[in-house]
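Asks: What follows is the file model.pdb, containing PDB, C-alpha atoms, pLDDT in the B column:
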ATOM      1  CA  MET A   1       0.000   0.000   0.000  1.00 44.00           C
ATOM      2  CA  SER A   2       1.140   3.531  -0.617  1.00 41.00           C
ATOM      3  CA  THR A   3       2.263   6.086   1.908  1.00 42.00           C
ATOM      4  CA  HIS A   4      -1.291   7.430   1.873  1.00 51.00           C
ATOM      5  CA  THR A   5      -2.421   4.417   3.912  1.00 58.00           C
ATOM      6  CA  ALA A   6      -2.509   6.532   7.062  1.00 61.00           C
ATOM      7  CA  GLN A   7      -5.354   8.489   5.482  1.00 72.00           C
ATOM      8  CA  LEU A   8      -7.432   5.290   5.323  1.00 81.00           C
ATOM      9  CA  PHE A   9      -7.539   5.136   9.100  1.00 90.00           C
ATOM     10  CA  SER A  10     -10.237   7.073  10.850  1.00 90.00           C
ATOM     11  CA  ILE A  11     -11.200   7.449  14.467  1.00 91.00           C
ATOM     12  CA  VAL A  12     -14.398   8.397  16.225  1.00 88.00           C
ATOM     13  CA  THR A  13     -13.309  10.657  19.056  1.00 85.00           C
ATOM     14  CA  GLY A  14     -16.622  10.497  20.941  1.00 85.00           C
ATOM     15  CA  SER A  15     -16.710   6.705  20.857  1.00 83.00           C
ATOM     16  CA  SER A  16     -16.598   4.613  24.018  1.00 85.00           C
ATOM     17  CA  GLU A  17     -14.193   2.343  22.137  1.00 87.00           C
ATOM     18  CA  PRO A  18     -10.560   3.342  22.789  1.00 92.00           C
ATOM     19  CA  ILE A  19      -8.651   4.775  19.821  1.00 94.00           C
ATOM     20  CA  TYR A  20      -6.072   1.962  19.805  1.00 94.00           C
ATOM     21  CA  ARG A  21      -8.914  -0.576  19.606  1.00 92.00           C
ATOM     22  CA  GLN A  22     -10.492   1.335  16.695  1.00 93.00           C
ATOM     23  CA  LEU A  23      -7.161   1.139  14.840  1.00 95.00           C
ATOM     24  CA  VAL A  24      -6.788  -2.589  15.588  1.00 93.00           C
ATOM     25  CA  GLU A  25     -10.261  -3.315  14.208  1.00 89.00           C
ATOM     26  CA  GLN A  26      -9.610  -1.243  11.082  1.00 92.00           C
ATOM     27  CA  VAL A  27      -6.386  -3.103  10.284  1.00 93.00           C
ATOM     28  CA  ARG A  28      -8.174  -6.428  10.832  1.00 89.00           C
ATOM     29  CA  ARG A  29     -10.917  -5.362   8.421  1.00 87.00           C
ATOM     30  CA  PHE A  30      -8.367  -4.197   5.820  1.00 90.00           C
ATOM     31  CA  VAL A  31      -6.569  -7.547   5.979  1.00 89.00           C
ATOM     32  CA  LEU A  32      -9.668  -9.751   6.047  1.00 84.00           C
ATOM     33  CA  GLY A  33     -11.324  -7.642   3.360  1.00 83.00           C
ATOM     34  CA  GLY A  34      -8.303  -7.907   1.080  1.00 86.00           C
ATOM     35  CA  GLN A  35      -7.345  -4.219   1.060  1.00 88.00           C
ATOM     36  CA  LEU A  36      -4.070  -5.204   2.750  1.00 90.00           C
ATOM     37  CA  ALA A  37      -2.187  -8.342   1.716  1.00 91.00           C
ATOM     38  CA  ALA A  38       0.739 -10.244   3.197  1.00 92.00           C
ATOM     39  CA  GLY A  39       3.897  -8.166   2.875  1.00 91.00           C
ATOM     40  CA  ASP A  40       2.120  -4.813   2.499  1.00 92.00           C
ATOM     41  CA  GLU A  41       3.745  -2.037   4.501  1.00 92.00           C
ATOM     42  CA  LEU A  42       1.773  -0.113   7.058  1.00 93.00           C
ATOM     43  CA  PRO A  43       2.438   3.577   7.597  1.00 93.00           C
ATOM     44  CA  SER A  44       4.817   4.439  10.402  1.00 92.00           C
ATOM     45  CA  VAL A  45       3.558   5.097  13.902  1.00 93.00           C
ATOM     46  CA  ARG A  46       4.599   8.721  13.500  1.00 93.00           C
ATOM     47  CA  GLU A  47       2.718   9.081  10.183  1.00 93.00           C
ATOM     48  CA  VAL A  48      -0.533   7.614  11.542  1.00 94.00           C
ATOM     49  CA  ALA A  49      -0.292   9.641  14.768  1.00 94.00           C
ATOM     50  CA  SER A  50       0.293  12.841  12.808  1.00 94.00           C
ATOM     51  CA  THR A  51      -2.517  12.174  10.307  1.00 93.00           C
ATOM     52  CA  LEU A  52      -5.046  11.353  13.037  1.00 93.00           C
ATOM     53  CA  ALA A  53      -3.703  13.857  15.601  1.00 93.00           C
ATOM     54  CA  VAL A  54      -3.315  11.169  18.275  1.00 94.00           C
ATOM     55  CA  ASN A  55      -0.536  10.207  20.649  1.00 95.00           C
ATOM     56  CA  PRO A  56       2.100   8.001  18.941  1.00 95.00           C
ATOM     57  CA  MET A  57       1.916   5.602  21.906  1.00 97.00           C
ATOM     58  CA  THR A  58      -1.717   4.911  20.980  1.00 96.00           C
ATOM     59  CA  VAL A  59      -0.722   3.826  17.467  1.00 95.00           C
ATOM     60  CA  SER A  60       2.245   1.892  18.823  1.00 95.00           C
ATOM     61  CA  LYS A  61      -0.056  -0.002  21.207  1.00 96.00           C
ATOM     62  CA  ALA A  62      -2.391  -0.940  18.327  1.00 96.00           C
ATOM     63  CA  TYR A  63       0.516  -2.142  16.181  1.00 95.00           C
ATOM     64  CA  SER A  64       1.994  -4.117  19.094  1.00 94.00           C
ATOM     65  CA  LEU A  65      -1.317  -5.893  19.735  1.00 93.00           C
ATOM     66  CA  LEU A  66      -1.624  -6.770  16.046  1.00 94.00           C
ATOM     67  CA  GLU A  67       1.960  -8.034  16.043  1.00 93.00           C
ATOM     68  CA  ALA A  68       1.298 -10.155  19.152  1.00 91.00           C
ATOM     69  CA  GLU A  69      -1.694 -11.809  17.490  1.00 85.00           C
ATOM     70  CA  GLY A  70       0.387 -12.525  14.390  1.00 89.00           C
ATOM     71  CA  LEU A  71      -1.419 -10.218  11.974  1.00 92.00           C
ATOM     72  CA  LEU A  72       1.534  -7.823  11.603  1.00 94.00           C
ATOM     73  CA  ALA A  73       5.255  -8.459  11.539  1.00 93.00           C
ATOM     74  CA  ARG A  74       8.157  -6.108  12.164  1.00 91.00           C
ATOM     75  CA  ARG A  75      10.796  -6.005   9.418  1.00 86.00           C
ATOM     76  CA  ARG A  76      14.125  -4.355   9.948  1.00 81.00           C
ATOM     77  CA  GLY A  77      14.296  -1.159   7.931  1.00 77.00           C
ATOM     78  CA  LEU A  78      10.715  -1.461   6.686  1.00 74.00           C
ATOM     79  CA  GLY A  79       8.637  -1.054   9.815  1.00 83.00           C
ATOM     80  CA  MET A  80       5.418  -2.987  10.190  1.00 92.00           C
ATOM     81  CA  VAL A  81       4.097  -5.187   7.390  1.00 93.00           C
ATOM     82  CA  VAL A  82       1.151  -7.523   7.103  1.00 93.00           C
ATOM     83  CA  ALA A  83       2.349 -10.948   8.222  1.00 93.00           C
ATOM     84  CA  GLU A  84       2.371 -13.940   5.924  1.00 88.00           C
ATOM     85  CA  GLN A  85      -0.969 -15.629   6.465  1.00 69.00           C
ATOM     86  CA  PRO A  86      -1.443 -19.404   6.550  1.00 48.00           C
ATOM     87  CA  SER A  87      -4.632 -18.961   4.523  1.00 46.00           C
ATOM     88  CA  ALA A  88      -5.136 -16.117   2.070  1.00 44.00           C
ATOM     89  CA  THR A  89      -8.754 -15.505   3.004  1.00 49.00           C
ATOM     90  CA  ALA A  90     -10.508 -15.545   6.319  1.00 54.00           C
ATOM     91  CA  SER A  91     -13.677 -17.469   6.862  1.00 57.00           C
ATOM     92  CA  SER A  92     -17.036 -15.728   6.663  1.00 58.00           C
ATOM     93  CA  PRO A  93     -17.662 -16.074  10.418  1.00 63.00           C
ATOM     94  CA  ASP A  94     -14.344 -14.300  11.123  1.00 67.00           C
ATOM     95  CA  ARG A  95     -15.226 -11.452   8.776  1.00 68.00           C
ATOM     96  CA  ALA A  96     -18.782 -11.234  10.098  1.00 73.00           C
ATOM     97  CA  GLU A  97     -17.483 -11.021  13.660  1.00 74.00           C
ATOM     98  CA  LEU A  98     -15.619  -7.827  12.720  1.00 69.00           C
ATOM     99  CA  LEU A  99     -18.985  -6.227  12.038  1.00 74.00           C
ATOM    100  CA  ARG A 100     -20.271  -6.995  15.543  1.00 77.00           C
ATOM    101  CA  PRO A 101     -19.057  -3.776  17.286  1.00 76.00           C
ATOM    102  CA  THR A 102     -20.658  -1.604  14.611  1.00 79.00           C
ATOM    103  CA  LEU A 103     -23.935  -3.523  14.776  1.00 83.00           C
ATOM    104  CA  GLU A 104     -23.926  -3.415  18.579  1.00 84.00           C
ATOM    105  CA  ARG A 105     -23.612   0.383  18.459  1.00 84.00           C
ATOM    106  CA  ALA A 106     -26.426   0.573  15.872  1.00 86.00           C
ATOM    107  CA  ALA A 107     -28.636  -1.710  17.993  1.00 89.00           C
ATOM    108  CA  ARG A 108     -27.988   0.416  21.080  1.00 89.00           C
ATOM    109  CA  GLU A 109     -28.959   3.565  19.156  1.00 90.00           C
ATOM    110  CA  ALA A 110     -32.084   1.861  17.781  1.00 91.00           C
ATOM    111  CA  ARG A 111     -33.139   0.919  21.331  1.00 91.00           C
ATOM    112  CA  GLU A 112     -32.462   4.481  22.540  1.00 91.00           C
ATOM    113  CA  LEU A 113     -34.681   5.761  19.708  1.00 90.00           C
ATOM    114  CA  GLU A 114     -37.292   3.137  20.656  1.00 94.00           C
ATOM    115  CA  LEU A 115     -37.447   1.766  17.110  1.00 92.00           C
ATOM    116  CA  ASP A 116     -39.085  -1.618  16.596  1.00 93.00           C
ATOM    117  CA  HIS A 117     -37.082  -4.538  15.191  1.00 92.00           C
ATOM    118  CA  ALA A 118     -38.963  -4.658  11.903  1.00 93.00           C
ATOM    119  CA  THR A 119     -38.220  -1.004  11.141  1.00 93.00           C
ATOM    120  CA  VAL A 120     -34.523  -1.378  11.952  1.00 92.00           C
ATOM    121  CA  LEU A 121     -34.166  -4.591   9.929  1.00 91.00           C
ATOM    122  CA  ALA A 122     -36.032  -3.077   6.972  1.00 92.00           C
ATOM    123  CA  LEU A 123     -33.733  -0.036   7.031  1.00 90.00           C
ATOM    124  CA  PHE A 124     -30.613  -2.217   7.265  1.00 90.00           C
ATOM    125  CA  THR A 125     -31.827  -4.410   4.397  1.00 91.00           C
ATOM    126  CA  HIS A 126     -32.462  -1.297   2.296  1.00 90.00           C
ATOM    127  CA  ILE A 127     -28.967   0.058   3.085  1.00 88.00           C
ATOM    128  CA  LEU A 128     -27.365  -3.279   2.157  1.00 88.00           C
ATOM    129  CA  LYS A 129     -29.040  -3.188  -1.242  1.00 88.00           C
ATOM    130  CA  GLU A 130     -27.855   0.339  -2.040  1.00 87.00           C
ATOM    131  CA  PRO A 131     -24.912   0.531  -4.427  1.00 84.00           C
ATOM    132  CA  SER A 132     -21.663   1.318  -2.648  1.00 70.00           C
TER     133      SER A 132
END
Would you mind writing the file out in structure tokens?
Replies:
Amino acid sequence: MSTHTAQLFSIVTGSSEPIYRQLVEQVRRFVLGGQLAAGDELPSVREVASTLAVNPMTVSKAYSLLEAEGLLARRRGLGMVVAEQPSATASSPDRAELLRPTLERAAREARELELDHATVLALFTHILKEPS
């Protein structure tokens, strides 16, 4: 990926989810969704921190967690890269599980708005059918 990768990351500052966790989930989605492949370089900690205006230790923590779980690897002189994966694609349940935090937030908001299940499901179905 190009040096503009840092611009792909986004954070929700008002979220109850910590920033490092938001970054971890985004990298997981990029890898499982095929936007990042084995060997692709990630932007430096400094670049991501500067782009998102966050503390570099926050980005470093996210990268370290991803390295510990084997998703990223550190290469001398190159920084962090996507680790070689035993299987090129993740299973559907793994990819679906990445959607859980977003759906949990949407469900919480739907309950706060006192929307019935049928209305929420109809809206979600409509959104899924819209062209991206």
Asks: Given the PyMOL selection byres ((chain A and resi 25-31) around 10) and the file above, list the residues it selects as JSON, numbers by chain.
Replies: {"A": [8, 9, 10, 11, 19, 20, 21, 22, 23, 24, 32, 33, 34, 35, 36, 37, 38, 40, 42, 62, 63, 66, 71, 72, 82, 83, 85, 88, 89, 90, 94, 95, 96, 98, 99, 101]}
Asks: Using Å and a single decimal, report how far atom CA of Lys129 of chain A sits from atom CA of Glu17 of chain A.
Replies: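 It comes out at 28.2 Å.
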Asks: Taking into account only C-alpha atoms, which residue in the set A:Glu47, A:Glu97, A:Glu104, A:Glu41 is nearest to Arg76 of chain A?
Replies: A:Glu41
Asks: To one decimal in Å, tell me the separation between atom CA of Leu78 of chain A and atom CA of Gly39 of chain A.
Replies: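 Separating atom CA of Leu78 of chain A from atom CA of Gly39 of chain A is a distance of 10.3 Å.
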Asks: Which distance in Å separates atom CA of Ser60 of chain A and atom CA of Gly14 of chain A, to one decimal?
Replies: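 Straight-line distance from atom CA of Ser60 of chain A to atom CA of Gly14 of chain A works out to 20.8 Å.
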Asks: Skip Thr51 of chain A itself and residues of its chain fewer than 2 positions away, then list as a list in words all residues within 12 Å of it, counting only C-alpha atoms.
Replies: Thr3, His4, Thr5, Ala6, Gln7, Leu8, Phe9, Ser10, Ile11, Pro43, Ser44, Val45, Arg46, Glu47, Val48, Ala49, Ala53, Val54, Asn55, Pro56 and Val59 of chain A
Asks: Can you write just those residues out, C-alpha atoms, as a PDB file, in the frame of the given file?
Replies:
ATOM      1  CA  THR A   3       2.263   6.086   1.908  1.00 42.00           C
ATOM      2  CA  HIS A   4      -1.291   7.430   1.873  1.00 51.00           C
ATOM      3  CA  THR A   5      -2.421   4.417   3.912  1.00 58.00           C
ATOM      4  CA  ALA A   6      -2.509   6.532   7.062  1.00 61.00           C
ATOM      5  CA  GLN A   7      -5.354   8.489   5.482  1.00 72.00           C
ATOM      6  CA  LEU A   8      -7.432   5.290   5.323  1.00 81.00           C
ATOM      7  CA  PHE A   9      -7.539   5.136   9.100  1.00 90.00           C
ATOM      8  CA  SER A  10     -10.237   7.073  10.850  1.00 90.00           C
ATOM      9  CA  ILE A  11     -11.200   7.449  14.467  1.00 91.00           C
ATOM     10  CA  PRO A  43       2.438   3.577   7.597  1.00 93.00           C
ATOM     11  CA  SER A  44       4.817   4.439  10.402  1.00 92.00           C
ATOM     12  CA  VAL A  45       3.558   5.097  13.902  1.00 93.00           C
ATOM     13  CA  ARG A  46       4.599   8.721  13.500  1.00 93.00           C
ATOM     14  CA  GLU A  47       2.718   9.081  10.183  1.00 93.00           C
ATOM     15  CA  VAL A  48      -0.533   7.614  11.542  1.00 94.00           C
ATOM     16  CA  ALA A  49      -0.292   9.641  14.768  1.00 94.00           C
ATOM     17  CA  ALA A  53      -3.703  13.857  15.601  1.00 93.00           C
ATOM     18  CA  VAL A  54      -3.315  11.169  18.275  1.00 94.00           C
ATOM     19  CA  ASN A  55      -0.536  10.207  20.649  1.00 95.00           C
ATOM     20  CA  PRO A  56       2.100   8.001  18.941  1.00 95.00           C
ATOM     21  CA  VAL A  59      -0.722   3.826  17.467  1.00 95.00           C
TER      22      VAL A  59
END
Asks: Which one is closest to Leu123 of chain A: A:Met57, A:Ala106, A:Val12, A:Leu65? Count all atoms listed in the file.
Replies: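 Closest to Leu123 of chain A of all the choices is A:Ala106.
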Asks: Pick out the closest residue to Pro18 of chain A from this set: A:Lys61, A:Val81, A:Leu121, A:Arg108. Count all atoms listed in the file.
Replies: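 That would be A:Lys61, the residue with the smallest distance to Pro18 of chain A.
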